[in-house]
file entry03.cif (mmCIF, C-alpha atoms)
data_input
#
loop_
_atom_site.label_atom_id
_atom_site.label_comp_id
_atom_site.auth_asym_id
_atom_site.auth_seq_id
_atom_site.Cartn_x
_atom_site.Cartn_y
_atom_site.Cartn_z
CA MET A 278 -19.35 26.13 -30.18
CA ILE A 279 -16.42 28.22 -28.97
CA GLU A 280 -17.76 31.38 -27.35
CA ALA A 281 -14.56 32.57 -25.65
CA VAL A 282 -10.81 32.28 -26.16
CA ILE A 283 -8.46 32.55 -23.19
CA PHE A 284 -4.77 33.11 -23.78
CA ASP A 285 -1.85 32.32 -21.58
CA LEU A 286 0.63 35.19 -21.93
CA ASP A 287 4.26 34.07 -21.88
CA GLY A 288 5.17 31.72 -24.71
CA SER A 289 1.60 31.71 -26.02
CA LEU A 290 0.52 35.27 -26.74
CA VAL A 291 4.03 36.78 -26.71
CA ASP A 292 7.53 35.43 -27.30
CA SER A 293 8.90 36.15 -23.83
CA MET A 294 10.14 32.96 -22.19
CA TRP A 295 13.73 33.95 -22.95
CA VAL A 296 13.26 37.01 -20.72
CA TRP A 297 12.85 34.93 -17.58
CA GLU A 298 15.86 32.71 -18.22
CA SER A 299 17.91 35.89 -18.51
CA ILE A 300 16.36 37.41 -15.39
CA ASP A 301 16.88 34.24 -13.34
CA ILE A 302 20.58 34.26 -14.17
CA GLU A 303 20.94 37.96 -13.38
CA TYR A 304 18.80 37.88 -10.25
CA LEU A 305 20.35 34.82 -8.64
CA GLY A 306 23.78 36.09 -9.66
CA LYS A 307 23.31 38.94 -7.17
CA PHE A 308 23.40 36.28 -4.46
CA ASP A 309 26.27 34.34 -6.08
CA ILE A 310 23.89 31.51 -7.02
CA MET A 311 24.00 29.66 -10.33
CA PRO A 312 20.49 28.73 -11.55
CA PRO A 313 20.02 24.94 -11.65
CA LYS A 314 19.31 23.42 -15.05
CA ASN A 315 15.82 22.29 -14.03
CA LEU A 316 14.71 25.70 -12.72
CA GLN A 317 12.30 26.60 -15.53
CA ALA A 318 10.64 23.19 -15.38
CA SER A 319 10.34 23.48 -11.59
CA ILE A 320 8.55 26.83 -11.64
CA GLY A 321 6.46 26.40 -14.80
CA GLY A 322 2.84 27.42 -14.22
CA ARG A 323 3.37 28.86 -10.75
CA SER A 324 1.90 32.28 -10.08
CA PHE A 325 4.19 35.29 -9.66
CA THR A 326 3.79 35.05 -5.88
CA GLU A 327 4.20 31.25 -5.80
CA THR A 328 7.41 31.61 -7.80
CA ALA A 329 8.71 34.24 -5.38
CA ILE A 330 7.97 31.88 -2.49
CA TYR A 331 9.80 29.07 -4.32
CA PHE A 332 12.87 31.26 -4.88
CA LYS A 333 12.91 32.51 -1.30
CA GLU A 334 12.68 29.02 0.15
CA ARG A 335 14.87 27.09 -2.30
CA PHE A 336 17.65 29.65 -2.60
CA GLN A 337 17.33 31.19 0.89
CA ILE A 338 16.81 34.69 -0.50
CA PRO A 339 16.89 37.20 2.40
CA ASP A 340 14.55 39.73 0.74
CA THR A 341 10.81 39.84 1.36
CA LEU A 342 8.41 38.41 -1.22
CA GLU A 343 7.33 41.93 -2.19
CA MET A 344 10.97 42.95 -2.72
CA ILE A 345 11.60 39.88 -4.88
CA LYS A 346 8.56 40.56 -7.06
CA ALA A 347 9.39 44.27 -7.34
CA ASP A 348 12.91 43.41 -8.50
CA TRP A 349 11.56 41.02 -11.13
CA ASN A 350 9.06 43.59 -12.41
CA ARG A 351 11.79 46.21 -12.63
CA MET A 352 14.19 43.86 -14.42
CA ALA A 353 11.54 42.73 -16.91
CA TRP A 354 9.86 46.06 -17.64
CA ASP A 355 12.25 47.32 -20.33
CA LYS A 356 12.40 43.95 -22.06
CA TYR A 357 8.61 43.59 -22.15
CA THR A 358 8.28 47.15 -23.40
CA HIS A 359 10.89 47.06 -26.16
CA LYS A 360 12.05 43.52 -26.88
CA VAL A 361 9.10 41.11 -26.49
CA PRO A 362 7.15 40.56 -29.75
CA LEU A 363 3.75 39.00 -30.28
CA LYS A 364 3.83 35.38 -31.37
CA LYS A 365 3.46 35.00 -35.12
CA GLY A 366 -0.16 35.26 -36.26
CA VAL A 367 -1.52 36.55 -32.94
CA ARG A 368 -2.89 39.80 -34.34
CA GLU A 369 -4.64 37.99 -37.18
CA LEU A 370 -6.20 35.53 -34.73
CA LEU A 371 -7.41 38.34 -32.47
CA GLN A 372 -8.99 40.08 -35.45
CA TYR A 373 -10.67 36.84 -36.50
CA CYS A 374 -12.11 36.20 -33.03
CA SER A 375 -13.33 39.78 -32.79
CA ALA A 376 -15.07 39.52 -36.17
CA GLN A 377 -16.74 36.27 -35.09
CA GLY A 378 -18.00 37.76 -31.83
CA ILE A 379 -15.78 35.45 -29.75
CA LYS A 380 -14.92 36.91 -26.35
CA MET A 381 -11.25 37.05 -25.34
CA GLY A 382 -9.33 37.07 -22.08
CA ILE A 383 -5.87 36.47 -20.64
CA ALA A 384 -5.09 34.03 -17.81
CA THR A 385 -1.43 34.18 -16.82
CA SER A 386 1.09 33.36 -14.13
CA ASN A 387 2.84 36.67 -14.75
CA SER A 388 2.37 39.89 -12.78
CA ARG A 389 -0.50 42.21 -13.60
CA GLU A 390 1.92 45.10 -14.13
CA LEU A 391 3.77 43.28 -16.91
CA VAL A 392 0.63 41.88 -18.54
CA GLU A 393 -1.00 45.28 -18.74
CA ASN A 394 2.26 46.72 -20.08
CA VAL A 395 2.39 44.14 -22.89
CA VAL A 396 -1.25 44.70 -23.83
CA ALA A 397 -0.75 48.48 -23.93
CA VAL A 398 2.54 48.35 -25.88
CA HIS A 399 0.91 46.28 -28.63
CA HIS A 400 -2.37 48.25 -28.51
CA LEU A 401 -4.49 45.19 -27.73
CA GLU A 402 -6.66 46.67 -24.99
CA HIS A 403 -9.85 46.61 -27.06
CA TYR A 404 -9.58 42.85 -27.66
CA PHE A 405 -9.49 41.58 -24.08
CA SER A 406 -12.44 41.71 -21.72
CA CYS A 407 -10.50 40.38 -18.75
CA ILE A 408 -7.01 39.74 -17.40
CA ILE A 409 -6.69 37.17 -14.62
CA THR A 410 -3.35 36.48 -12.97
CA GLY A 411 -2.30 33.60 -10.77
CA CYS A 412 -2.13 36.04 -7.85
CA ASP A 413 -5.86 36.75 -8.25
CA VAL A 414 -6.82 33.17 -7.39
CA GLU A 415 -6.03 30.59 -4.73
CA LYS A 416 -3.77 28.33 -6.80
CA GLY A 417 -1.66 28.82 -9.90
CA LYS A 418 -1.42 26.40 -12.82
CA PRO A 419 -1.75 23.40 -13.15
CA ALA A 420 -4.79 24.08 -10.94
CA PRO A 421 -7.74 25.32 -13.05
CA ASP A 422 -8.40 28.42 -10.93
CA VAL A 423 -7.22 31.13 -13.34
CA TYR A 424 -9.16 29.69 -16.26
CA LEU A 425 -12.34 29.19 -14.28
CA ALA A 426 -12.08 32.76 -12.99
CA ALA A 427 -11.63 34.07 -16.54
CA ALA A 428 -14.65 32.11 -17.79
CA GLN A 429 -16.73 33.52 -14.95
CA VAL A 430 -15.77 37.11 -15.81
CA LEU A 431 -16.41 36.46 -19.51
CA LYS A 432 -19.76 34.86 -18.58
CA VAL A 433 -19.10 31.78 -20.71
CA ASN A 434 -19.41 28.15 -19.63
CA PRO A 435 -16.02 26.40 -19.42
CA GLU A 436 -16.99 23.83 -22.07
CA ASN A 437 -17.44 26.70 -24.55
CA CYS A 438 -13.95 28.12 -23.91
CA LEU A 439 -10.77 27.49 -25.91
CA VAL A 440 -7.41 27.91 -24.16
CA PHE A 441 -4.05 28.61 -25.80
CA GLU A 442 -1.11 27.31 -23.76
CA ASP A 443 2.58 26.62 -24.39
CA ILE A 444 3.58 24.48 -21.38
CA VAL A 445 2.32 21.24 -19.90
CA GLN A 446 1.22 22.78 -16.58
CA GLY A 447 -0.91 25.32 -18.43
CA ILE A 448 -2.49 22.68 -20.66
CA GLN A 449 -3.30 20.65 -17.55
CA ALA A 450 -4.93 23.74 -16.01
CA GLY A 451 -7.13 24.32 -19.04
CA LYS A 452 -8.19 20.69 -19.25
CA ALA A 453 -8.88 20.58 -15.49
CA ALA A 454 -11.17 23.57 -16.02
CA GLY A 455 -13.18 21.54 -18.52
CA MET A 456 -12.07 23.59 -21.52
CA LYS A 457 -10.72 22.76 -24.96
CA VAL A 458 -6.99 23.43 -25.15
CA CYS A 459 -4.76 24.22 -28.11
CA ALA A 460 -1.06 23.67 -27.41
CA VAL A 461 1.16 26.41 -28.82
CA TYR A 462 4.67 25.76 -30.08
CA ASP A 463 7.43 27.61 -28.26
CA ARG A 464 11.10 26.75 -28.56
CA HIS A 465 11.62 27.01 -24.80
CA SER A 466 9.11 24.20 -24.20
CA GLU A 467 10.06 22.20 -27.27
CA TYR A 468 11.27 19.37 -25.04
CA GLN A 469 7.64 18.99 -23.86
CA ASP A 470 6.16 18.75 -27.37
CA ALA A 471 5.25 15.06 -27.23
CA GLU A 472 3.43 15.45 -23.91
CA LYS A 473 1.82 18.73 -25.02
CA GLY A 474 0.44 16.97 -28.09
CA ARG A 475 -0.86 14.10 -25.97
CA LEU A 476 -2.62 16.31 -23.41
CA ALA A 477 -4.07 19.02 -25.65
CA ASP A 478 -7.02 18.82 -28.03
CA TYR A 479 -5.14 20.69 -30.74
CA TYR A 480 -1.60 21.84 -31.52
CA THR A 481 -0.41 24.83 -33.53
CA ARG A 482 2.97 26.17 -34.61
CA GLU A 483 1.48 29.39 -35.97
CA PHE A 484 -1.89 30.98 -35.21
CA THR A 485 -2.79 31.85 -38.79
CA GLU A 486 -3.16 28.15 -39.60
CA LEU A 487 -6.15 28.06 -37.24
CA LEU A 488 -8.22 30.65 -39.08
CA LYS A 489 -9.78 28.07 -41.40
CA ALA A 490 -9.57 25.06 -39.08
CA ASP A 491 -12.50 23.21 -37.50
CA ILE A 492 -11.21 24.16 -34.06
CA TRP A 493 -14.09 26.63 -33.61
CA ARG A 494 -16.92 24.10 -33.94
#

call {"tool": "encode", "arguments": {"input": "entry03.cif", "output": "C-alpha coordinates"}}
result
Amino acid sequence: MIEAVIFDLDGSLVDSMWVWESIDIEYLGKFDIMPPKNLQASIGGRSFTETAIYFKERFQIPDTLEMIKADWNRMAWDKYTHKVPLKKGVRELLQYCSAQGIKMGIATSNSRELVENVVAVHHLEHYFSCIITGCDVEKGKPAPDVYLAAAQVLKVNPENCLVFEDIVQGIQAGKAAGMKVCAVYDRHSEYQDAEKGRLADYYTREFTELLKADIWR
(Lines of atoms letter the chains of each structure in order from A and count residues from 1; the text may use other names and numbers.)
(Lines give C-alpha, C1' and ligand atoms only; values in the text may rest on other atoms or scores of the structure.)
Protein backbone atom coordinates (compact mmCIF):
# COMPACT_ATOMS: atom_id res chain seq x y z
CA MET A 1 0.00 0.00 0.00
CA ILE A 2 1.18 3.52 -0.77
CA GLU A 3 1.43 5.47 2.48
CA ALA A 4 3.39 8.48 1.21
CA VAL A 5 3.88 10.37 -2.03
CA ILE A 6 7.09 12.30 -2.66
CA PHE A 7 7.23 14.84 -5.45
CA ASP A 8 10.19 16.15 -7.35
CA LEU A 9 9.58 19.87 -7.92
CA ASP A 10 10.80 21.09 -11.31
CA GLY A 11 9.09 19.41 -14.24
CA SER A 12 7.04 17.18 -11.93
CA LEU A 13 5.08 19.33 -9.52
CA VAL A 14 5.47 22.59 -11.47
CA ASP A 15 6.14 23.49 -15.09
CA SER A 16 9.45 25.25 -14.54
CA MET A 17 12.21 23.59 -16.56
CA TRP A 18 12.05 26.40 -19.12
CA VAL A 19 13.09 28.83 -16.38
CA TRP A 20 16.52 27.27 -16.00
CA GLU A 21 17.28 27.17 -19.71
CA SER A 22 16.55 30.90 -19.78
CA ILE A 23 18.63 31.56 -16.66
CA ASP A 24 21.58 29.54 -17.96
CA ILE A 25 21.67 31.63 -21.14
CA GLU A 26 21.39 34.90 -19.23
CA TYR A 27 23.82 33.93 -16.47
CA LEU A 28 26.57 32.56 -18.68
CA GLY A 29 26.05 35.47 -21.06
CA LYS A 30 27.40 37.77 -18.33
CA PHE A 31 30.72 35.97 -18.80
CA ASP A 32 30.46 35.91 -22.61
CA ILE A 33 29.88 32.15 -22.56
CA MET A 34 27.39 30.35 -24.78
CA PRO A 35 25.72 27.42 -22.97
CA PRO A 36 26.64 24.09 -24.59
CA LYS A 37 23.78 22.06 -26.04
CA ASN A 38 24.24 19.24 -23.54
CA LEU A 39 24.19 21.48 -20.46
CA GLN A 40 20.76 20.48 -19.12
CA ALA A 41 21.53 16.78 -19.53
CA SER A 42 24.88 17.27 -17.78
CA ILE A 43 23.43 18.91 -14.69
CA GLY A 44 20.14 16.99 -14.42
CA GLY A 45 19.55 15.76 -10.87
CA ARG A 46 22.45 17.62 -9.30
CA SER A 47 21.72 19.58 -6.15
CA PHE A 48 21.75 23.39 -6.23
CA THR A 49 25.23 23.38 -4.68
CA GLU A 50 26.52 20.58 -6.92
CA THR A 51 25.31 22.52 -9.96
CA ALA A 52 27.07 25.66 -8.75
CA ILE A 53 30.28 23.66 -8.35
CA TYR A 54 29.83 22.26 -11.87
CA PHE A 55 29.38 25.75 -13.34
CA LYS A 56 32.33 27.18 -11.44
CA GLU A 57 34.67 24.40 -12.54
CA ARG A 58 33.47 23.84 -16.12
CA PHE A 59 33.08 27.50 -17.06
CA GLN A 60 35.78 28.94 -14.77
CA ILE A 61 33.33 31.30 -13.06
CA PRO A 62 35.29 33.68 -10.79
CA ASP A 63 32.47 34.17 -8.27
CA THR A 64 32.14 32.14 -5.07
CA LEU A 65 29.62 29.31 -4.87
CA GLU A 66 27.43 31.40 -2.57
CA MET A 67 27.47 34.28 -5.06
CA ILE A 68 26.53 31.95 -7.91
CA LYS A 69 23.60 30.47 -5.98
CA ALA A 70 22.43 33.91 -4.82
CA ASP A 71 22.43 35.14 -8.42
CA TRP A 72 20.39 32.14 -9.54
CA ASN A 73 17.86 32.60 -6.74
CA ARG A 74 17.51 36.28 -7.59
CA MET A 75 17.11 35.59 -11.30
CA ALA A 76 14.52 32.86 -10.73
CA TRP A 77 12.47 34.47 -7.95
CA ASP A 78 10.16 36.58 -10.13
CA LYS A 79 9.59 33.76 -12.62
CA TYR A 80 8.74 31.26 -9.88
CA THR A 81 6.44 33.79 -8.24
CA HIS A 82 4.52 34.94 -11.31
CA LYS A 83 5.17 32.67 -14.29
CA VAL A 84 5.56 29.06 -13.10
CA PRO A 85 2.26 27.12 -13.04
CA LEU A 86 1.44 23.82 -11.38
CA LYS A 87 1.52 20.83 -13.70
CA LYS A 88 -1.93 19.89 -14.96
CA GLY A 89 -3.90 17.86 -12.41
CA VAL A 90 -1.52 18.47 -9.50
CA ARG A 91 -4.10 20.14 -7.26
CA GLU A 92 -6.60 17.34 -7.86
CA LEU A 93 -3.96 14.72 -7.02
CA LEU A 94 -2.98 16.53 -3.82
CA GLN A 95 -6.62 16.68 -2.77
CA TYR A 96 -7.02 12.97 -3.52
CA CYS A 97 -3.96 12.00 -1.47
CA SER A 98 -5.07 14.20 1.40
CA ALA A 99 -8.53 12.60 1.41
CA GLN A 100 -6.96 9.13 1.43
CA GLY A 101 -4.67 9.96 4.34
CA ILE A 102 -1.55 9.63 2.18
CA LYS A 103 1.37 11.68 3.48
CA MET A 104 3.12 14.05 1.06
CA GLY A 105 6.58 15.54 0.75
CA ILE A 106 8.89 17.25 -1.74
CA ALA A 107 12.41 16.05 -2.59
CA THR A 108 14.14 18.42 -4.99
CA SER A 109 17.46 19.53 -6.41
CA ASN A 110 16.31 23.15 -6.30
CA SER A 111 17.07 25.68 -3.57
CA ARG A 112 14.96 25.78 -0.43
CA GLU A 113 14.17 29.46 -1.01
CA LEU A 114 12.56 28.77 -4.39
CA VAL A 115 10.74 25.62 -3.25
CA GLU A 116 9.17 27.38 -0.30
CA ASN A 117 8.26 30.29 -2.58
CA VAL A 118 6.44 27.99 -5.03
CA VAL A 119 4.56 26.21 -2.24
CA ALA A 120 3.47 29.53 -0.72
CA VAL A 121 2.47 31.12 -4.04
CA HIS A 122 0.15 28.20 -4.84
CA HIS A 123 -1.08 27.88 -1.22
CA LEU A 124 0.05 24.27 -0.87
CA GLU A 125 1.66 24.50 2.57
CA HIS A 126 -0.99 22.36 4.27
CA TYR A 127 -0.36 19.43 1.91
CA PHE A 128 3.35 18.86 2.48
CA SER A 129 4.82 17.50 5.68
CA CYS A 130 8.42 17.90 4.56
CA ILE A 131 10.66 19.57 2.00
CA ILE A 132 14.07 18.00 1.43
CA THR A 133 16.58 19.58 -0.94
CA GLY A 134 19.71 18.12 -2.45
CA CYS A 135 21.73 20.50 -0.27
CA ASP A 136 20.29 18.85 2.85
CA VAL A 137 21.93 15.51 2.07
CA GLU A 138 25.34 14.20 1.08
CA LYS A 139 24.62 13.47 -2.59
CA GLY A 140 22.08 14.74 -5.10
CA LYS A 141 20.16 12.62 -7.57
CA PRO A 142 20.66 9.97 -8.98
CA ALA A 143 21.81 8.99 -5.47
CA PRO A 144 18.80 8.04 -3.30
CA ASP A 145 19.69 10.37 -0.42
CA VAL A 146 16.93 12.98 -0.82
CA TYR A 147 14.20 10.36 -1.10
CA LEU A 148 15.45 8.32 1.84
CA ALA A 149 15.65 11.48 3.94
CA ALA A 150 12.07 12.41 2.98
CA ALA A 151 10.79 8.93 3.88
CA GLN A 152 12.52 9.17 7.24
CA VAL A 153 10.89 12.52 8.03
CA LEU A 154 7.50 11.21 6.87
CA LYS A 155 8.06 8.07 8.98
CA VAL A 156 7.15 5.74 6.12
CA ASN A 157 9.16 2.76 4.88
CA PRO A 158 10.66 3.35 1.42
CA GLU A 159 8.74 0.43 -0.11
CA ASN A 160 5.48 2.20 0.83
CA CYS A 161 6.47 5.44 -0.92
CA LEU A 162 5.54 6.57 -4.44
CA VAL A 163 7.81 9.07 -6.21
CA PHE A 164 6.86 11.41 -9.05
CA GLU A 165 9.82 12.31 -11.28
CA ASP A 166 10.30 13.84 -14.73
CA ILE A 167 13.95 13.03 -15.53
CA VAL A 168 15.99 9.86 -15.69
CA GLN A 169 18.35 10.82 -12.85
CA GLY A 170 15.40 11.42 -10.54
CA ILE A 171 13.75 8.13 -11.48
CA GLN A 172 17.04 6.36 -10.77
CA ALA A 173 17.18 8.07 -7.36
CA GLY A 174 13.68 6.91 -6.44
CA LYS A 175 14.32 3.35 -7.55
CA ALA A 176 17.68 3.28 -5.72
CA ALA A 177 15.77 4.29 -2.59
CA GLY A 178 13.59 1.20 -2.97
CA MET A 179 10.46 3.17 -3.86
CA LYS A 180 7.84 2.90 -6.57
CA VAL A 181 8.32 5.60 -9.20
CA CYS A 182 5.87 7.21 -11.59
CA ALA A 183 7.53 9.00 -14.50
CA VAL A 184 5.93 12.35 -15.33
CA TYR A 185 5.76 13.73 -18.85
CA ASP A 186 7.54 17.04 -19.39
CA ARG A 187 8.37 18.45 -22.80
CA HIS A 188 11.89 19.38 -21.71
CA SER A 189 12.71 15.72 -21.00
CA GLU A 190 10.67 14.32 -23.87
CA TYR A 191 13.86 13.01 -25.46
CA GLN A 192 14.22 10.71 -22.41
CA ASP A 193 10.70 9.27 -22.64
CA ALA A 194 11.71 5.78 -23.78
CA GLU A 195 14.25 5.40 -20.98
CA LYS A 196 11.88 6.98 -18.44
CA GLY A 197 9.23 4.41 -19.37
CA ARG A 198 11.75 1.58 -19.07
CA LEU A 199 13.06 2.62 -15.65
CA ALA A 200 9.84 3.70 -13.93
CA ASP A 201 7.01 1.55 -12.59
CA TYR A 202 4.38 3.86 -14.06
CA TYR A 203 4.14 6.76 -16.50
CA THR A 204 1.67 9.63 -16.62
CA ARG A 205 1.05 12.56 -18.94
CA GLU A 206 -1.50 14.13 -16.61
CA PHE A 207 -2.06 13.53 -12.90
CA THR A 208 -5.85 13.30 -13.03
CA GLU A 209 -5.58 10.02 -14.95
CA LEU A 210 -4.06 8.46 -11.82
CA LEU A 211 -7.02 9.14 -9.53
CA LYS A 212 -8.76 5.90 -10.48
CA ALA A 213 -5.67 3.85 -11.36
CA ASP A 214 -4.33 0.83 -9.46
CA ILE A 215 -1.13 2.73 -8.74
CA TRP A 216 -2.11 3.09 -5.07
CA ARG A 217 -2.32 -0.64 -4.29

call {"tool": "residues_near_point", "arguments": {"input": "entry03.cif", "point": "(12.8, 25.0, -14.8)", "cutoff": "12 Å", "atoms": "all atoms listed in the file", "output": "ChimeraX atom specification"}}
result
/A:294,297-298,301,312-323,328,331-332,444,446,465-466,468

call {"tool": "residues_around", "arguments": {"input": "entry03.cif", "residues": "segment 472-476 of chain A", "least_positions_apart": "5", "cutoff": "9 Å", "atoms": "only C-alpha atoms", "output": "list in words"}}
result
Asp443, Ile444, Val445, Ile448, Gln449, Lys452, Val458, Cys459, Ala460 and Val461 of chain A

call {"tool": "closest_residue", "arguments": {"input": "entry03.cif", "among": "A:Ala471, A:Leu290, A:Ala453, A:Ile338", "to": "Lys365 of chain A", "atoms": "only C-alpha atoms"}}
result
A:Leu290

call {"tool": "residues_around", "arguments": {"input": "entry03.cif", "residues": "segment 426-429 of chain A", "least_positions_apart": "3", "cutoff": "9 Å", "atoms": "all atoms listed in the file", "output": "ChimeraX atom specification"}}
result
/A:281,283,382-384,407-409,413-414,421-423,432-435,438

call {"tool": "residues_near_point", "arguments": {"input": "entry03.cif", "point": "(3.9, 44.6, -28.3)", "cutoff": "9 Å", "atoms": "all atoms listed in the file", "output": "ChimeraX atom specification"}}
result
/A:291,357-363,394-401

call {"tool": "atom_distance", "arguments": {"input": "entry03.cif", "atom1": "atom CA of Asn350 of chain A", "atom2": "atom CA of Leu370 of chain A"}}
result
28.2 Å

call {"tool": "closest_residue", "arguments": {"input": "entry03.cif", "among": "A:Asn387, A:Ser324, A:Ser406, A:Gln337", "to": "Val282 of chain A", "atoms": "only C-alpha atoms"}}
result
A:Ser406

call {"tool": "closest_residue", "arguments": {"input": "entry03.cif", "among": "A:Glu327, A:Glu442, A:Asp463, A:Asp287", "to": "Asp478 of chain A", "atoms": "all atoms listed in the file"}}
result
A:Glu442

call {"tool": "atom_distance", "arguments": {"input": "entry03.cif", "atom1": "atom CA of Leu431 of chain A", "atom2": "atom CA of Trp354 of chain A"}}
result
28.0 Å

call {"tool": "atom_distance", "arguments": {"input": "entry03.cif", "atom1": "atom CA of Met311 of chain A", "atom2": "atom CA of Ala353 of chain A"}}
result
19.2 Å
